Structure formats: C-alpha cells, structure tokens
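Asks: The structure under discussion is supplied below as structure tokens; questions concerning it will follow.
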Amino acid sequence: MGPRWGCLSQDRATRFVVTWGFGSSEDEVAPKVVAQTRQRTSGGRGVIWISDGRPVYRRAVRQVYRDAQPTGKRGRPPLVLTPGVGLTQAVKRRHDGARGGASGSG
C-alpha cells in the first residue's frame with residue numbers, strides 16, 4: 001500500500017472538523033481539502049490556514065481562494081485573493097525529546 005498522508009481542516013474555536021482526506025502524499029490530499037473547506041465555510045469567505053510550511057499548501061490556498069474582481073471592462077475580470085484568507089506556518093519545537101509547544105510565523 002505504501003505511505004499514507006492525512007490532512008484535515010478544523011475550526012480552531014470549536015475543534016469541529018470541516019473536512020478531511022487521505023492519500024499517498026500531501027501533494028495529492030492538500031488541494032482537495034483546501035477546496036472542500038472553501039465550499040463548506042460561510043459562503044466561501046477567506047479563512048486563516050495553519051500548515052507545516054510545505055509549498056503545496058501555499059499553492060492550494062492561492063489557487064482556491066481567488067475571486068473575480070469586476071472592472072467594468074470587456075473580457076474576463078482579473079482574479080484576486082479572497083479577503084480574509086491567510087496562511088501561517090506552525091513550527092513544532094522539541095525539548096529534551098519531549099514535544100514542546102508550537103509557534104507560528106507568518
């Protein structure tokens with residue numbers, strides 16, 4: 001079967017799991033979880049994401065959280081980042097072999 005990766009989207013305040021997925025890699029799973037989260041949250045508004053810093057999350061958030069911005073001109077309107085969306089990296093620190101807290105950067 002090989003390695004399996006899990007990914008979930010969780011509301012921090014309530015710990016409610018919005019969506020989850022698993023697959024052979026984070027590159028496979030993360031885009032699906034990000035897209036499903038946007039579909040399932042408050043009309044697709046922007047949310048704050050916290051990840052381990054892998055590039056797949058930045059790509060997925062930037063691809064999924066884009067909205068057309070009408071210009072009044074002919075043609076396809078440009079896509080802009082959805083207001084309120086953000087991405088922060090959580091860094092886990094270990095102290096003497098025990099897991100310590102996590103800090104954000106971002």
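In the structure tokens, each chain is lettered A, B, ... as it comes, each chain's residues begin at 1, and ligands are numbered from 1 in order of appearance.
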Just the residues within 7 Å of A:Leu79, please, counting only C-alpha atoms, with nothing from its chain fewer than 3 positions along; format it as a list in words.

Replies: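 Using only C-alpha atoms, the neighbours found are Arg66, Asp67, Ala68 and Gln69 of chain A.
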
Asks: Store the residues picked out above, limited to N, CA and C atoms, as a PDB file, in the first residue's frame.

Replies:
ATOM      1  N   ARG A  66      -9.501  32.540  -4.794  1.00  0.00           N
ATOM      2  CA  ARG A  66      -9.415  33.645  -5.741  1.00  0.00           C
ATOM      3  C   ARG A  66     -10.828  33.992  -6.179  1.00  0.00           C
ATOM      4  N   ASP A  67     -11.098  35.273  -6.300  1.00  0.00           N
ATOM      5  CA  ASP A  67     -12.410  35.739  -6.723  1.00  0.00           C
ATOM      6  C   ASP A  67     -12.251  36.718  -7.876  1.00  0.00           C
ATOM      7  N   ALA A  68     -13.221  36.700  -8.775  1.00  0.00           N
ATOM      8  CA  ALA A  68     -13.207  37.639  -9.894  1.00  0.00           C
ATOM      9  C   ALA A  68     -13.489  39.046  -9.370  1.00  0.00           C
ATOM     10  N   GLN A  69     -12.724  40.002  -9.849  1.00  0.00           N
ATOM     11  CA  GLN A  69     -12.924  41.397  -9.460  1.00  0.00           C
ATOM     12  C   GLN A  69     -13.379  42.175 -10.696  1.00  0.00           C
TER      13      GLN A  69
END

Asks: Hey, what's within 12 Å of A:Gly2 if we count only C-alpha atoms and toss same-chain stuff fewer than 5 positions away? As a list of chain:residue names, please?

Replies: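 Here the qualifying residues turn out to be A:Gly23, A:Ser24, A:Ser25.
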
Asks: Looking only at the backbone, which of the residues in chain A does DSSP tag as alpha helix (DSSP H), as a PyMOL selection string?

Replies: chain A and resi 26-40+55-64

Asks: Keeping C-alpha atoms for every residue in the selection just given, could you write it to a file as a PDB file, in the first residue's frame?

Replies:
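Output (part_17.pdb):
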ATOM      1  CA  GLU A  26       0.333  15.675   0.919  1.00  0.00           C
ATOM      2  CA  ASP A  27       0.599  16.934  -2.657  1.00  0.00           C
ATOM      3  CA  GLU A  28      -2.371  14.724  -3.524  1.00  0.00           C
ATOM      4  CA  VAL A  29      -4.504  15.411  -0.446  1.00  0.00           C
ATOM      5  CA  ALA A  30      -3.988  19.086   0.461  1.00  0.00           C
ATOM      6  CA  PRO A  31      -5.572  20.666  -2.660  1.00  0.00           C
ATOM      7  CA  LYS A  32      -8.725  18.587  -2.187  1.00  0.00           C
ATOM      8  CA  VAL A  33      -9.031  19.517   1.494  1.00  0.00           C
ATOM      9  CA  VAL A  34      -8.483  23.230   0.779  1.00  0.00           C
ATOM     10  CA  ALA A  35     -11.135  23.195  -1.979  1.00  0.00           C
ATOM     11  CA  GLN A  36     -13.686  21.339   0.167  1.00  0.00           C
ATOM     12  CA  THR A  37     -13.062  23.719   3.061  1.00  0.00           C
ATOM     13  CA  ARG A  38     -13.865  26.729   0.889  1.00  0.00           C
ATOM     14  CA  GLN A  39     -17.084  25.073  -0.301  1.00  0.00           C
ATOM     15  CA  ARG A  40     -18.173  24.308   3.267  1.00  0.00           C
ATOM     16  CA  PRO A  55       4.712  24.533  -0.504  1.00  0.00           C
ATOM     17  CA  VAL A  56       1.641  22.522  -1.519  1.00  0.00           C
ATOM     18  CA  TYR A  57      -0.485  24.462   0.980  1.00  0.00           C
ATOM     19  CA  ARG A  58       0.550  27.865  -0.366  1.00  0.00           C
ATOM     20  CA  ARG A  59      -0.183  26.750  -3.923  1.00  0.00           C
ATOM     21  CA  ALA A  60      -3.570  25.267  -2.974  1.00  0.00           C
ATOM     22  CA  VAL A  61      -4.696  28.309  -0.968  1.00  0.00           C
ATOM     23  CA  ARG A  62      -3.655  30.709  -3.738  1.00  0.00           C
ATOM     24  CA  GLN A  63      -5.425  28.588  -6.374  1.00  0.00           C
ATOM     25  CA  VAL A  64      -8.688  28.034  -4.473  1.00  0.00           C
TER      26      VAL A  64
END

Asks: In Å to one decimal, how far is atom CA of A:Pro78 from atom CA of A:Asp52?

Replies: 29.9 Å

Asks: Report as a PyMOL selection string: the residues of chain A with a DSSP assignment of strand (DSSP E or B), based on the backbone of this structure.

Replies: chain A and resi 5-10+17-23+48-51+66-68+79-81+86-95+98-105

Asks: Using only C-alpha atoms, determine which residues lie at most 8 Å from A:Gly84, disregarding the query and same-chain residues fewer than 4 positions distant; provide the list as a VMD selection string.

Replies: chain A and resid 45 to 48

Asks: Nearest to A:Arg4: which of A:Phe22, A:Trp49, A:Lys92, A:Val85 is it, counting only C-alpha atoms?

Replies: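 Going through A:Phe22, A:Trp49, A:Lys92, A:Val85 one by one, the smallest distance to A:Arg4 is for A:Phe22.
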